[in-house]
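Have a look at the structure below before the remarks.
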Amino acid sequence: MRLAAAIAAVALPASLLTATVQTPSADAAARHFKSCAALNKVYHHGVGMPGAKDHTSGKRVTNFKKSAALYKANNGPRNPRTGEYDLDRDNDKIACEKR
């Protein structure tokens with residue numbers, strides 16, 4: 001009887017702990033990067049819109065992070081207030097693509 005109570009006492013907090021831990025998604029926190037070097041440190045093959053295709057004459061990049069929010073946060077003209085740049089220079093819907 002004591003063993004069952006001890007197991008229940010340990011199992012209940014452990015189940016609550018796993019239920020409350022959440023991993024942050026890339027879409028929830030669309031992070032801005034000032035350069036492709038900074039973006040590629042976190043997302044090694046770049047960030048792009050879902051369904052985007054790399055415009056290249058060689059082998060295409062296919063393993064980039066697919067996230068509309070991240071792409072939109074890092075695409076556009078340079079903002080003088082924040083210093084962020086347009087990181088999709090070839091306008092193929094993949095920012096900072098690299099193999």
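Quick note on naming: the chains in the structure tokens go A, B, ... in the order shown, residues restart at 1 in each chain, and ligands are numbered from 1 in order of appearance.
When the distance limit is 9 Å and only C-alpha atoms are what count, the residues near Lys59 (chain A), minus those fewer than 3 positions from it on the same chain, are Asp54, Thr56 and Arg99 of chain A.
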Name the residues of region 23-96 of chain A that come out as helix (DSSP H, G or I) in a backbone DSSP run; write them as a ChimeraX atom specification.
/A:36-42,68-73
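Counting only C-alpha atoms, region 39-43 of chain A has the following residues at most 8 Å away, ignoring those fewer than 4 positions along the same chain: Phe33, Lys34, Ser35, Val47, Phe64, Lys65 and Cys96 of chain A.
When only C-alpha atoms are used to measure the gap to Thr62 (chain A), the shortest distance among A:Ala30, A:Asn75, A:Pro80, A:Gly48 belongs to A:Gly48.
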Mind giving me the straight-line distance from CA of Asp86 (chain A) to CA of Lys72 (chain A) in Å, one decimal?
9.8 Å
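Using only C-alpha atoms, the nearest neighbour of Thr82 (chain A) within the list A:His32, A:Arg2, A:Leu70, A:Ala37 is A:His32.
Of note, CA of Asn63 (chain A) and CA of Glu97 (chain A) are spaced 9.2 Å apart.
Between CA of Lys53 (chain A) and CA of Asn79 (chain A) the separation is 26.5 Å.
Checking A:Leu87, A:Ala68, A:Ala52, A:Val61 one by one against Ala38 (chain A), counting only C-alpha atoms, you find the shortest gap at A:Leu87.
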